[in-house]
$ cat work19.txt   # compact mmCIF, C-alpha atoms
# COMPACT_ATOMS: atom_id res chain seq x y z
CA MET A 26 -69.18 25.42 -52.40
CA GLY A 27 -67.28 22.13 -52.18
CA PHE A 28 -64.01 23.99 -51.90
CA PHE A 29 -65.39 26.12 -49.07
CA ARG A 30 -66.68 23.05 -47.20
CA ASN A 31 -63.33 21.26 -47.48
CA ALA A 32 -61.49 24.36 -46.35
CA VAL A 33 -63.70 24.58 -43.26
CA LEU A 34 -63.21 20.89 -42.50
CA ALA A 35 -59.46 21.23 -42.90
CA SER A 36 -59.36 24.20 -40.54
CA ILE A 37 -61.45 22.38 -37.94
CA ALA A 38 -59.14 19.39 -38.22
CA ALA A 39 -56.06 21.57 -37.78
CA ALA A 40 -57.58 23.30 -34.79
CA ALA A 41 -58.44 19.98 -33.16
CA THR A 42 -54.87 18.73 -33.66
CA ALA A 43 -53.38 21.88 -32.18
CA GLY A 44 -55.66 21.74 -29.15
CA SER A 45 -54.03 18.61 -27.75
CA ALA A 46 -53.67 18.37 -23.96
CA PHE A 47 -52.86 15.56 -21.56
CA ALA A 48 -55.87 13.28 -21.13
CA SER A 49 -54.32 11.88 -17.97
CA ILE A 50 -51.34 12.76 -15.79
CA PRO A 51 -48.20 11.32 -17.42
CA ALA A 52 -46.48 8.86 -15.06
CA VAL A 53 -42.70 9.14 -14.99
CA SER A 54 -40.25 6.53 -13.74
CA VAL A 55 -36.47 6.82 -13.42
CA ARG A 56 -34.35 3.67 -13.37
CA ILE A 57 -30.65 3.96 -12.56
CA GLU A 58 -28.39 0.95 -12.89
CA GLN A 59 -24.77 0.86 -11.82
CA VAL A 60 -23.57 -2.15 -13.76
CA GLY A 61 -22.18 -4.77 -11.44
CA ALA A 62 -23.75 -3.21 -8.35
CA GLY A 63 -27.53 -3.07 -8.86
CA PHE A 64 -30.34 -0.80 -9.92
CA VAL A 65 -32.96 1.43 -8.35
CA THR A 66 -36.28 2.63 -9.78
CA MET A 67 -38.00 5.80 -8.65
CA ASN A 68 -41.55 6.98 -9.40
CA PRO A 69 -41.52 10.73 -8.69
CA THR A 70 -44.69 12.62 -7.92
CA ALA A 71 -46.17 14.72 -10.71
CA ASN A 72 -46.42 18.34 -9.58
CA PRO A 73 -48.67 20.49 -11.78
CA VAL A 74 -47.03 23.39 -13.60
CA GLU A 75 -48.28 25.51 -16.46
CA GLY A 76 -48.87 23.23 -19.45
CA GLY A 77 -47.78 20.04 -17.73
CA TYR A 78 -46.07 18.51 -14.72
CA ALA A 79 -42.69 18.61 -12.97
CA TYR A 80 -40.88 15.61 -11.47
CA SER A 81 -37.78 15.72 -9.30
CA GLY A 82 -35.76 13.45 -7.08
CA ASN A 83 -32.34 12.39 -5.92
CA VAL A 84 -30.62 9.25 -4.70
CA SER A 85 -27.20 8.17 -3.42
CA LEU A 86 -26.31 4.48 -3.64
CA TRP A 87 -23.28 2.21 -4.09
CA GLY A 88 -20.88 4.41 -6.05
CA PHE A 89 -22.98 7.29 -7.29
CA GLN A 90 -24.98 10.36 -6.39
CA SER A 91 -27.80 11.33 -8.73
CA SER A 92 -30.54 13.89 -9.07
CA PHE A 93 -33.04 14.77 -11.76
CA GLU A 94 -35.33 17.63 -12.68
CA LEU A 95 -37.78 16.51 -15.37
CA SER A 96 -41.00 17.85 -16.85
CA THR A 97 -43.80 17.00 -19.24
CA ASN A 98 -45.46 19.69 -21.29
CA SER A 99 -48.42 19.70 -23.65
CA LYS A 100 -48.34 22.69 -25.95
CA SER A 101 -51.94 23.47 -26.78
CA GLY A 102 -51.01 25.59 -29.79
CA THR A 103 -49.17 22.80 -31.60
CA GLY A 104 -50.25 19.51 -30.07
CA ASN A 105 -46.64 18.75 -29.18
CA GLU A 106 -46.01 16.74 -26.04
CA ALA A 107 -42.53 17.17 -24.58
CA PHE A 108 -40.71 15.08 -21.99
CA GLY A 109 -37.24 15.72 -20.65
CA GLY A 110 -35.12 17.89 -18.42
CA PHE A 111 -31.86 17.44 -16.56
CA PHE A 112 -30.33 14.25 -15.23
CA THR A 113 -27.19 14.56 -13.10
CA LEU A 114 -24.91 11.73 -11.99
CA LYS A 115 -21.62 11.69 -10.05
CA ASN A 116 -19.32 8.69 -9.84
CA THR A 117 -18.17 8.71 -6.22
CA THR A 118 -15.80 5.78 -6.59
CA ALA A 119 -12.10 5.69 -7.47
CA ALA A 120 -12.71 3.66 -10.64
CA VAL A 121 -14.57 4.06 -13.93
CA GLN A 122 -18.19 2.86 -13.60
CA GLN A 123 -20.84 1.91 -16.17
CA PHE A 124 -24.34 3.28 -15.81
CA ILE A 125 -27.66 2.65 -17.62
CA ILE A 126 -30.37 5.26 -17.10
CA ASP A 127 -33.98 4.89 -18.26
CA LEU A 128 -36.27 7.94 -18.11
CA ASN A 129 -39.75 6.64 -18.92
CA VAL A 130 -43.06 8.45 -19.40
CA THR A 131 -46.52 7.12 -20.21
CA ASN A 132 -48.28 8.32 -23.37
CA ASP A 133 -51.87 9.38 -23.73
CA PRO A 134 -53.94 6.79 -25.62
CA SER A 135 -53.80 7.68 -29.30
CA THR A 136 -54.63 6.50 -32.76
CA GLY A 137 -52.80 7.32 -35.94
CA ASN A 138 -49.14 7.82 -36.56
CA ALA A 139 -46.89 10.11 -34.56
CA LEU A 140 -43.98 12.41 -35.29
CA ALA A 141 -40.99 12.69 -32.97
CA GLY A 142 -37.88 14.71 -32.25
CA GLY A 143 -35.36 14.87 -29.46
CA SER A 144 -31.96 16.00 -28.30
CA VAL A 145 -29.22 15.69 -25.73
CA ALA A 146 -26.41 17.95 -24.52
CA GLY A 147 -24.50 18.26 -21.29
CA VAL A 148 -21.74 19.46 -19.02
CA LEU A 149 -18.99 17.33 -17.53
CA LEU A 150 -17.08 18.16 -14.35
CA GLY A 151 -13.78 16.37 -13.94
CA GLY A 152 -12.48 14.90 -10.70
CA PRO A 153 -8.86 15.05 -9.50
CA ASN A 154 -7.82 12.76 -12.37
CA GLY A 155 -9.85 14.52 -15.07
CA GLY A 156 -13.34 14.01 -16.44
CA LEU A 157 -14.51 11.15 -18.66
CA LEU A 158 -17.84 10.32 -20.30
CA GLN A 159 -17.66 7.47 -22.80
CA GLY A 160 -20.04 5.28 -24.73
CA VAL A 161 -19.99 1.54 -24.10
CA GLY A 162 -18.18 0.03 -27.06
CA ASN A 163 -19.67 1.42 -30.24
CA GLY A 164 -23.06 1.89 -28.62
CA ALA A 165 -24.95 5.18 -28.48
CA VAL A 166 -24.92 7.12 -25.24
CA TRP A 167 -28.51 8.28 -25.87
CA GLN A 168 -31.51 6.42 -27.34
CA ALA A 169 -35.18 7.24 -27.88
CA ILE A 170 -37.41 4.20 -27.43
CA ILE A 171 -41.12 3.63 -28.10
CA ASN A 172 -42.80 0.95 -25.97
CA GLY A 173 -45.95 -0.74 -27.26
CA SER A 174 -47.91 -3.94 -26.86
CA SER A 175 -45.65 -5.68 -29.35
CA GLY A 176 -42.41 -4.65 -27.64
CA SER A 177 -39.94 -1.78 -27.68
CA THR A 178 -38.46 -0.03 -30.70
CA THR A 179 -35.46 2.29 -30.75
CA ILE A 180 -36.33 5.17 -33.06
CA ALA A 181 -33.19 7.29 -32.67
CA SER A 182 -29.65 7.00 -31.33
CA LEU A 183 -27.38 9.95 -30.51
CA MET A 184 -23.81 10.36 -29.29
CA SER A 185 -22.46 7.30 -31.07
CA GLY A 186 -18.79 6.78 -31.76
CA ASN A 187 -15.92 4.38 -31.65
CA PRO A 188 -16.46 4.92 -28.78
CA PHE A 189 -18.09 8.32 -28.19
CA THR A 190 -15.77 10.11 -25.75
CA VAL A 191 -15.73 13.44 -23.92
CA THR A 192 -12.97 14.41 -21.52
CA THR A 193 -12.02 17.38 -19.34
CA GLY A 194 -8.90 18.29 -17.40
CA ALA A 195 -8.56 17.64 -13.69
CA ASN A 196 -11.07 19.65 -11.68
CA GLN A 197 -12.30 21.32 -14.86
CA SER A 198 -15.74 21.85 -16.40
CA GLY A 199 -16.56 21.35 -20.05
CA GLY A 200 -19.55 21.17 -22.36
CA ILE A 201 -20.88 18.12 -24.20
CA ALA A 202 -22.03 19.28 -27.63
CA ARG A 203 -25.67 18.95 -28.50
CA GLU A 204 -27.00 16.25 -30.84
CA PHE A 205 -30.58 15.91 -32.01
CA PHE A 206 -32.99 14.06 -34.27
CA GLY A 207 -36.00 15.49 -36.06
CA ASN A 208 -36.01 19.08 -37.17
CA ASP A 209 -33.76 21.68 -35.60
CA PRO A 210 -35.14 22.78 -33.22
CA GLN A 211 -36.97 19.64 -32.27
CA ILE A 212 -40.42 20.39 -33.52
CA PRO A 213 -41.43 16.76 -34.06
CA SER A 214 -40.82 15.76 -37.68
CA LEU A 215 -39.60 12.16 -37.76
CA PRO A 216 -42.47 9.76 -38.61
CA ILE A 217 -42.40 6.92 -36.08
CA GLY A 218 -45.74 5.15 -36.63
CA PRO A 219 -48.02 4.47 -33.67
CA LEU A 220 -46.88 6.14 -30.45
CA GLY A 221 -47.35 3.14 -28.17
CA THR A 222 -48.11 3.17 -24.48
CA SER A 223 -44.95 4.84 -23.21
CA ARG A 224 -41.63 6.22 -24.38
CA THR A 225 -38.16 6.02 -22.88
CA ILE A 226 -34.96 8.04 -22.98
CA ARG A 227 -32.11 5.58 -22.38
CA MET A 228 -28.63 6.81 -21.52
CA GLN A 229 -25.81 4.31 -21.23
CA PHE A 230 -22.20 5.33 -20.57
CA LEU A 231 -18.98 4.95 -18.67
CA LEU A 232 -18.22 7.71 -16.16
CA GLY A 233 -14.69 8.39 -14.89
CA ALA A 234 -13.67 8.23 -11.25
CA GLY A 235 -14.89 11.34 -9.48
CA SER A 236 -16.51 12.68 -12.66
CA GLU A 237 -19.91 14.34 -12.58
CA VAL A 238 -22.16 14.73 -15.63
CA SER A 239 -25.39 16.64 -16.18
CA LEU A 240 -27.29 15.79 -19.36
CA SER A 241 -30.16 17.86 -20.69
CA THR A 242 -32.47 15.80 -22.84
CA SER A 243 -35.81 16.06 -24.60
CA PHE A 244 -38.13 13.65 -26.40
CA VAL A 245 -41.00 15.45 -28.10
CA VAL A 246 -43.89 13.77 -29.94
CA GLN A 247 -46.93 14.93 -31.85
CA VAL A 248 -49.98 12.75 -32.37
CA PRO A 249 -53.18 13.85 -34.10
CA ALA A 250 -55.94 14.15 -31.52
CA PRO A 251 -58.78 11.61 -31.94
CA GLY A 252 -61.17 14.41 -32.96
CA ALA A 253 -58.80 15.58 -35.64
CA VAL A 254 -58.35 12.07 -36.99
CA ALA A 255 -62.12 11.66 -37.20
CA LEU A 256 -62.55 14.98 -38.98
CA LEU A 257 -59.77 14.21 -41.42
CA GLY A 258 -61.53 10.91 -42.13
CA VAL A 259 -64.82 12.70 -42.80
CA ALA A 260 -63.06 15.19 -45.07
CA GLY A 261 -61.45 12.33 -46.97
CA LEU A 262 -64.74 10.52 -47.43
CA ALA A 263 -66.47 13.71 -48.60
CA GLY A 264 -63.76 14.33 -51.16
CA ARG A 265 -63.94 10.75 -52.43
CA ARG A 266 -67.72 10.92 -52.79
CA ARG A 267 -67.46 14.21 -54.69
CA ARG A 268 -64.92 12.75 -57.09
CA ARG A 269 -67.25 9.79 -57.76
CA ILE A 270 -70.15 12.16 -58.55
CA MET B 108 -19.94 25.86 1.53
CA VAL B 109 -22.70 26.79 -0.88
CA SER B 110 -25.25 29.55 -0.57
CA MET B 111 -27.90 30.75 -2.96
CA ALA B 112 -30.02 33.85 -3.10
CA ARG B 113 -33.21 33.73 -5.10
CA ASN B 114 -36.31 35.75 -5.52
CA ILE B 115 -38.63 32.95 -6.58
CA SER B 116 -39.33 29.38 -5.63
CA VAL B 117 -36.48 27.29 -6.91
CA ALA B 118 -36.30 23.54 -7.13
CA ALA B 119 -32.57 23.08 -6.92
CA LEU B 120 -30.71 19.94 -7.76
CA ALA B 121 -28.06 18.72 -5.41
CA ALA B 122 -24.90 20.73 -5.87
CA GLY B 123 -21.67 18.83 -5.81
CA MET B 124 -18.69 20.66 -4.39
CA ALA B 125 -15.36 19.45 -3.22
CA CYS B 126 -12.38 21.17 -1.69
CA ALA B 127 -8.77 20.19 -2.11
CA PRO B 128 -6.13 20.05 0.64
CA ALA B 129 -4.52 23.26 1.85
CA SER B 130 -1.70 22.96 -0.69
CA ALA B 131 -4.09 23.91 -3.50
CA ALA B 132 -7.42 25.32 -2.43
CA LEU B 133 -10.21 24.42 -4.84
CA VAL B 134 -13.86 25.26 -5.25
CA GLN B 135 -16.04 23.53 -7.85
CA PHE B 136 -19.75 22.97 -8.34
CA MET B 137 -22.44 21.76 -10.70
CA HIS B 138 -25.85 23.28 -10.14
CA THR B 139 -29.20 23.33 -11.94
CA PHE B 140 -31.33 26.46 -11.81
CA VAL B 141 -35.07 26.02 -12.43
CA ASN B 142 -37.28 29.02 -13.08
CA THR B 143 -40.74 27.90 -12.06
CA SER B 144 -42.28 31.32 -12.56
CA GLY B 145 -43.95 32.86 -15.58
CA THR B 146 -41.35 35.63 -16.02
CA ALA B 147 -37.57 35.86 -16.35
CA GLN B 148 -35.84 35.70 -12.97
CA ASP B 149 -32.42 36.58 -11.56
CA PHE B 150 -30.43 34.00 -9.62
CA THR B 151 -27.30 34.27 -7.47
CA PHE B 152 -25.26 31.26 -6.44
CA THR B 153 -22.09 31.29 -4.32
CA ALA B 154 -19.61 28.49 -3.70
CA THR B 155 -16.68 28.98 -1.30
CA SER B 156 -13.72 26.75 -0.53
CA ASP B 157 -13.51 25.24 2.91
CA VAL B 158 -9.75 25.85 2.87
CA ALA B 159 -8.56 29.46 3.27
CA TYR B 160 -5.08 30.91 2.87
CA SER B 161 -3.74 33.72 5.06
CA GLY B 162 -1.60 36.76 4.31
CA GLN B 163 -0.76 35.81 0.72
CA SER B 164 -0.29 38.50 -1.93
CA LEU B 165 0.42 36.49 -5.10
CA PHE B 166 -1.41 33.49 -6.55
CA ASP B 167 -1.26 31.21 -9.56
CA ILE B 168 -4.87 30.65 -10.56
CA GLN B 169 -6.88 28.49 -12.95
CA GLY B 170 -10.53 27.69 -13.50
CA SER B 171 -13.34 26.91 -15.91
CA LEU B 172 -17.01 27.42 -16.64
CA ALA B 173 -19.57 25.45 -18.68
CA LEU B 174 -23.30 25.83 -19.11
CA ASN B 175 -26.18 23.75 -20.51
CA LEU B 176 -29.59 25.29 -21.31
CA ILE B 177 -32.85 23.56 -22.27
CA ASP B 178 -36.39 24.54 -23.30
CA LEU B 179 -39.21 22.11 -22.58
CA ASN B 180 -42.26 24.34 -22.72
CA GLY B 181 -42.03 25.00 -26.44
CA ASN B 182 -41.15 28.70 -26.60
CA GLY B 183 -37.36 28.72 -26.53
CA ALA B 184 -35.05 29.52 -23.62
CA ALA B 185 -32.49 32.21 -22.80
CA VAL B 186 -29.87 32.78 -20.14
CA SER B 187 -27.95 36.04 -19.80
CA THR B 188 -25.96 38.27 -17.51
CA ASN B 189 -27.98 40.58 -15.27
CA GLY B 190 -25.78 43.66 -15.06
CA VAL B 191 -22.58 42.02 -13.82
CA PRO B 192 -20.34 39.21 -15.09
CA MET B 193 -21.94 35.77 -14.85
CA TYR B 194 -18.85 34.21 -13.22
CA VAL B 195 -16.71 36.03 -10.68
CA ALA B 196 -13.74 34.33 -8.96
CA SER B 197 -12.38 36.09 -5.90
CA ILE B 198 -9.91 35.56 -3.09
CA GLY B 199 -10.43 36.97 0.40
CA SER B 200 -13.22 37.52 2.87
CA VAL B 201 -13.42 41.15 4.07
CA ASN B 202 -12.31 42.86 0.87
CA PRO B 203 -12.13 40.05 -1.65
CA THR B 204 -9.96 40.61 -4.70
CA VAL B 205 -11.67 39.70 -7.97
CA VAL B 206 -9.09 37.70 -9.93
CA GLN B 207 -11.18 36.48 -12.88
CA THR B 208 -14.52 37.11 -14.55
CA ILE B 209 -16.22 35.19 -17.37
CA TRP B 210 -19.05 36.25 -19.66
CA ASN B 211 -19.00 39.93 -18.85
CA GLU B 212 -22.08 42.08 -19.30
CA PRO B 213 -23.75 42.02 -21.78
CA TRP B 214 -23.72 38.33 -22.62
CA ALA B 215 -26.60 36.06 -23.64
CA PHE B 216 -27.17 32.55 -24.90
CA GLY B 217 -30.39 31.10 -26.25
CA VAL B 218 -31.93 27.94 -27.71
CA GLY B 219 -34.98 27.49 -29.93
CA VAL B 220 -38.25 25.66 -29.42
CA TYR B 221 -37.58 22.40 -27.54
CA GLY B 222 -33.90 23.14 -28.03
CA ASN B 223 -30.92 22.70 -25.78
CA GLY B 224 -27.26 23.51 -26.10
CA VAL B 225 -23.95 24.53 -24.62
CA PRO B 226 -21.92 27.68 -25.39
CA PRO B 227 -18.14 27.34 -25.94
CA ASP B 228 -16.21 26.18 -22.87
CA GLN B 229 -14.40 28.82 -20.84
CA VAL B 230 -11.01 28.00 -19.32
CA PHE B 231 -8.49 30.37 -17.75
CA ALA B 232 -5.07 30.23 -16.12
CA ALA B 233 -2.80 33.04 -14.91
CA MET B 234 0.38 33.32 -12.88
CA ASN B 235 1.47 35.81 -10.22
CA VAL B 236 -1.93 37.39 -9.81
CA PRO B 237 -1.75 40.13 -7.13
CA VAL B 238 -4.22 39.97 -4.25
CA THR B 239 -4.81 42.20 -1.23
CA PRO B 240 -3.39 40.21 1.70
CA GLU B 241 -5.91 39.30 4.37
CA ALA B 242 -5.95 37.14 7.46
CA VAL B 243 -8.54 34.80 5.93
CA GLN B 244 -8.45 34.17 2.19
CA PRO B 245 -10.99 31.60 0.97
CA LEU B 246 -11.67 31.15 -2.74
CA THR B 247 -15.14 32.08 -3.92
CA ILE B 248 -17.11 31.66 -7.15
CA THR B 249 -20.19 33.82 -7.53
CA ILE B 250 -22.66 33.04 -10.33
CA ARG B 251 -25.27 35.62 -11.26
CA LEU B 252 -27.63 34.98 -14.15
CA ARG B 253 -31.03 35.77 -15.62
CA LEU B 254 -33.13 32.80 -16.81
CA SER B 255 -36.22 32.90 -19.01
CA ALA B 256 -39.63 31.81 -17.72
CA ARG B 257 -40.19 28.12 -16.94
CA ASP B 258 -36.79 27.04 -18.22
CA MET B 259 -33.79 25.24 -16.76
CA VAL B 260 -30.02 25.70 -16.95
CA THR B 261 -27.14 23.74 -15.45
CA VAL B 262 -23.93 25.62 -14.65
CA SER B 263 -20.63 24.01 -13.68
CA GLY B 264 -17.61 26.01 -12.56
CA THR B 265 -14.20 25.52 -10.99
CA PHE B 266 -11.58 27.79 -9.41
CA GLN B 267 -8.22 26.76 -8.03
CA ALA B 268 -5.43 28.94 -6.61
CA VAL B 269 -1.96 28.26 -5.27
CA PRO B 270 -0.02 30.98 -3.43
CA VAL B 271 3.27 32.10 -4.95
CA PRO B 272 6.07 32.38 -2.37
CA ALA B 273 7.15 36.01 -1.83
CA PRO B 274 10.70 37.00 -2.99
CA GLY B 275 11.89 37.16 0.63
CA ALA B 276 10.68 33.66 1.25
CA ILE B 277 12.37 32.43 -1.92
CA ALA B 278 15.63 34.07 -0.83
CA LEU B 279 15.32 32.50 2.60
CA LEU B 280 14.73 29.11 1.04
CA ALA B 281 17.78 29.62 -1.17
CA VAL B 282 19.95 30.54 1.81
CA THR B 283 18.70 27.51 3.70
CA GLY B 284 19.50 25.31 0.74
CA VAL B 285 23.01 26.72 0.33
CA SER B 286 23.79 26.38 4.00
CA GLY B 287 22.53 22.79 3.90
CA ILE B 288 24.84 21.99 1.00
CA GLY B 289 27.77 23.64 2.80
CA ARG B 290 27.05 21.64 5.96
CA ARG B 291 26.94 18.38 4.05
CA ARG B 292 30.23 19.23 2.31
CA ARG B 293 31.95 20.06 5.63
CA ARG B 294 30.86 16.69 6.96

$ encode --input "work19.txt" --output "structure tokens"
Amino acid sequence: MGFFRNAVLASIAAAATAGSAFASIPAVSVRIEQVGAGFVTMNPTANPVEGGYAYSGNVSLWGFQSSFELSTNSKSGTGNEAFGGFFTLKNTTAAVQQFIIDLNVTNDPSTGNALAGGSVAGVLLGGPNGGLLQGVGNGAVWQAIINGSSGSTTIASLMSGNPFTVTTGANQSGGIAREFFGNDPQIPSLPIGPLGTSRTIRMQFLLGAGSEVSLSTSFVVQVPAPGAVALLGVAGLAGRRRRRI
Amino acid sequence: MVSMARNISVAALAAGMACAPASAALVQFMHTFVNTSGTAQDFTFTATSDVAYSGQSLFDIQGSLALNLIDLNGNGAAVSTNGVPMYVASIGSVNPTVVQTIWNEPWAFGVGVYGNGVPPDQVFAAMNVPVTPEAVQPLTITIRLRLSARDMVTVSGTFQAVPVPAPGAIALLAVTGVSGIGRRRRR
């Protein structure tokens, strides 16, 4: 009887976790900084699509042209919440430029600890003098950051090197090999503690003169839904009481 | 010049394309295809050089192709050919000569749940490629692909061609050079 009751509670808890959906529309912001020139922040409109929202925009300033095609998705079957898409940037100057890109999305309020996973890959199109994408010093090109009331924490860094460097020939296209954290594929698996109020994909790199890069990136998290947490708590208490008896 | 045929609503990112001076015509692009529908869709994208040659029958050519696919709706993503090569480079306007294809039918590339990735880079170069002479000979890249539902792919391609002087022209240049040398010597 006790076994049956616990099995039922466990299944209800699992179902509640898997049924996760956005409680509110995730707000996305895109901040692009050309180091030494300035920065711009955009807050694209959330357009509803199946399972989430799409966000797009483009901007040309100082020495760059940029566009992005991002989305958020809440997978009801798993409780995974994905954020990512494509970010494209072209250096329109005749010199190497440094850029810092922050793709930020708000998180649903949550309790409990989260799991995370993410990835980045890309294509590089060289200008007349060839293509160059390079990390800044030994720093990572890509970082996953959790933002909470107590500050920001970097939970993963990808495309690190001494420095990380990708090149192409003049007027030639080439791929930037994929890197990831969490399981492969990125079904969230890395324990990261509380999810915080928002999460950020930060990309920081040097881009060659006339080079154009398009990076595909994802940052996926899974947080037990409040109902599931409550049910798991009830199941735990019931088990403890039974052991005492 | 960029044109795109599509059979669904497409949110396209800005496509960057530049053309070189007449000495070496060039067409290159980077473009993101977004399938906003619930089923796989076919896309066609064409990029043409602003510079066109005329009456040339031989070219030295080179080019490249790269691709980046991502899944964000949690069911994997796939991109494939749709009956023809994904990349076709051609020279000419009325009866264009196809000089290079990449990822011939059947070809497919996929990523897993929340996955992304790039297939191996494709680069080509060839000399003395014969072409049907025409009055107007722009370079064109045509991309045709099939993309899975609610997924995104970025494609970047290049194509450059330089005409090879015909044997008669080479002989004429040689004669001109010899006569120039003779003239200088006589002086």

$ interface_residues --input "work19.txt" --of "chain B" --to "chain A" --cutoff "10 Å" --atoms "all atoms listed in the file" --output "PyMOL selection string"
chain B and resi 118-123+125+127+133-141+143-145+169-183+218-230+257-267

$ write_last_selection --input "work19.txt" --atoms "C-alpha atoms" --output "PDB file, in the coordinates of the input"
ATOM      1  CA  ALA B 118     -36.300  23.540  -7.130  1.00  0.00           C
ATOM      2  CA  ALA B 119     -32.570  23.080  -6.920  1.00  0.00           C
ATOM      3  CA  LEU B 120     -30.710  19.940  -7.760  1.00  0.00           C
ATOM      4  CA  ALA B 121     -28.060  18.720  -5.410  1.00  0.00           C
ATOM      5  CA  ALA B 122     -24.900  20.730  -5.870  1.00  0.00           C
ATOM      6  CA  GLY B 123     -21.670  18.830  -5.810  1.00  0.00           C
ATOM      7  CA  ALA B 125     -15.360  19.450  -3.220  1.00  0.00           C
ATOM      8  CA  ALA B 127      -8.770  20.190  -2.110  1.00  0.00           C
ATOM      9  CA  LEU B 133     -10.210  24.420  -4.840  1.00  0.00           C
ATOM     10  CA  VAL B 134     -13.860  25.260  -5.250  1.00  0.00           C
ATOM     11  CA  GLN B 135     -16.040  23.530  -7.850  1.00  0.00           C
ATOM     12  CA  PHE B 136     -19.750  22.970  -8.340  1.00  0.00           C
ATOM     13  CA  MET B 137     -22.440  21.760 -10.700  1.00  0.00           C
ATOM     14  CA  HIS B 138     -25.850  23.280 -10.140  1.00  0.00           C
ATOM     15  CA  THR B 139     -29.200  23.330 -11.940  1.00  0.00           C
ATOM     16  CA  PHE B 140     -31.330  26.460 -11.810  1.00  0.00           C
ATOM     17  CA  VAL B 141     -35.070  26.020 -12.430  1.00  0.00           C
ATOM     18  CA  THR B 143     -40.740  27.900 -12.060  1.00  0.00           C
ATOM     19  CA  SER B 144     -42.280  31.320 -12.560  1.00  0.00           C
ATOM     20  CA  GLY B 145     -43.950  32.860 -15.580  1.00  0.00           C
ATOM     21  CA  GLN B 169      -6.880  28.490 -12.950  1.00  0.00           C
ATOM     22  CA  GLY B 170     -10.530  27.690 -13.500  1.00  0.00           C
ATOM     23  CA  SER B 171     -13.340  26.910 -15.910  1.00  0.00           C
ATOM     24  CA  LEU B 172     -17.010  27.420 -16.640  1.00  0.00           C
ATOM     25  CA  ALA B 173     -19.570  25.450 -18.680  1.00  0.00           C
ATOM     26  CA  LEU B 174     -23.300  25.830 -19.110  1.00  0.00           C
ATOM     27  CA  ASN B 175     -26.180  23.750 -20.510  1.00  0.00           C
ATOM     28  CA  LEU B 176     -29.590  25.290 -21.310  1.00  0.00           C
ATOM     29  CA  ILE B 177     -32.850  23.560 -22.270  1.00  0.00           C
ATOM     30  CA  ASP B 178     -36.390  24.540 -23.300  1.00  0.00           C
ATOM     31  CA  LEU B 179     -39.210  22.110 -22.580  1.00  0.00           C
ATOM     32  CA  ASN B 180     -42.260  24.340 -22.720  1.00  0.00           C
ATOM     33  CA  GLY B 181     -42.030  25.000 -26.440  1.00  0.00           C
ATOM     34  CA  ASN B 182     -41.150  28.700 -26.600  1.00  0.00           C
ATOM     35  CA  GLY B 183     -37.360  28.720 -26.530  1.00  0.00           C
ATOM     36  CA  VAL B 218     -31.930  27.940 -27.710  1.00  0.00           C
ATOM     37  CA  GLY B 219     -34.980  27.490 -29.930  1.00  0.00           C
ATOM     38  CA  VAL B 220     -38.250  25.660 -29.420  1.00  0.00           C
ATOM     39  CA  TYR B 221     -37.580  22.400 -27.540  1.00  0.00           C
ATOM     40  CA  GLY B 222     -33.900  23.140 -28.030  1.00  0.00           C
ATOM     41  CA  ASN B 223     -30.920  22.700 -25.780  1.00  0.00           C
ATOM     42  CA  GLY B 224     -27.260  23.510 -26.100  1.00  0.00           C
ATOM     43  CA  VAL B 225     -23.950  24.530 -24.620  1.00  0.00           C
ATOM     44  CA  PRO B 226     -21.920  27.680 -25.390  1.00  0.00           C
ATOM     45  CA  PRO B 227     -18.140  27.340 -25.940  1.00  0.00           C
ATOM     46  CA  ASP B 228     -16.210  26.180 -22.870  1.00  0.00           C
ATOM     47  CA  GLN B 229     -14.400  28.820 -20.840  1.00  0.00           C
ATOM     48  CA  VAL B 230     -11.010  28.000 -19.320  1.00  0.00           C
ATOM     49  CA  ARG B 257     -40.190  28.120 -16.940  1.00  0.00           C
ATOM     50  CA  ASP B 258     -36.790  27.040 -18.220  1.00  0.00           C
ATOM     51  CA  MET B 259     -33.790  25.240 -16.760  1.00  0.00           C
ATOM     52  CA  VAL B 260     -30.020  25.700 -16.950  1.00  0.00           C
ATOM     53  CA  THR B 261     -27.140  23.740 -15.450  1.00  0.00           C
ATOM     54  CA  VAL B 262     -23.930  25.620 -14.650  1.00  0.00           C
ATOM     55  CA  SER B 263     -20.630  24.010 -13.680  1.00  0.00           C
ATOM     56  CA  GLY B 264     -17.610  26.010 -12.560  1.00  0.00           C
ATOM     57  CA  THR B 265     -14.200  25.520 -10.990  1.00  0.00           C
ATOM     58  CA  PHE B 266     -11.580  27.790  -9.410  1.00  0.00           C
ATOM     59  CA  GLN B 267      -8.220  26.760  -8.030  1.00  0.00           C
TER      60      GLN B 267
END

$ atom_distance --input "work19.txt" --atom1 "CA of Pro188 (chain A)" --atom2 "CA of Leu157 (chain A)"
12.0 Å

$ atom_distance --input "work19.txt" --atom1 "CA of Val269 (chain B)" --atom2 "CA of Thr118 (chain A)"
26.4 Å

$ closest_residue --input "work19.txt" --among "B:Ala184, B:Leu165, B:Val158, B:Pro245" --to "Thr146 (chain B)" --atoms "only C-alpha atoms"
B:Ala184

$ residues_near_point --input "work19.txt" --point "(-47.3, 7.1, -42.0)" --cutoff "7 Å" --atoms "only C-alpha atoms" --output "PyMOL selection string"
chain A and resi 138+216+218

$ atom_distance --input "work19.txt" --atom1 "CA of Ala234 (chain A)" --atom2 "CA of Thr249 (chain B)"
26.7 Å

$ closest_residue --input "work19.txt" --among "A:Gln122, A:Ser54, A:Ser101, A:Thr131" --to "Asn172 (chain A)" --atoms "all atoms listed in the file"
A:Thr131

$ closest_residue --input "work19.txt" --among "A:Ser49, A:Ser175, A:Gln247, A:Ser85" --to "Phe64 (chain A)" --atoms "only C-alpha atoms"
A:Ser85
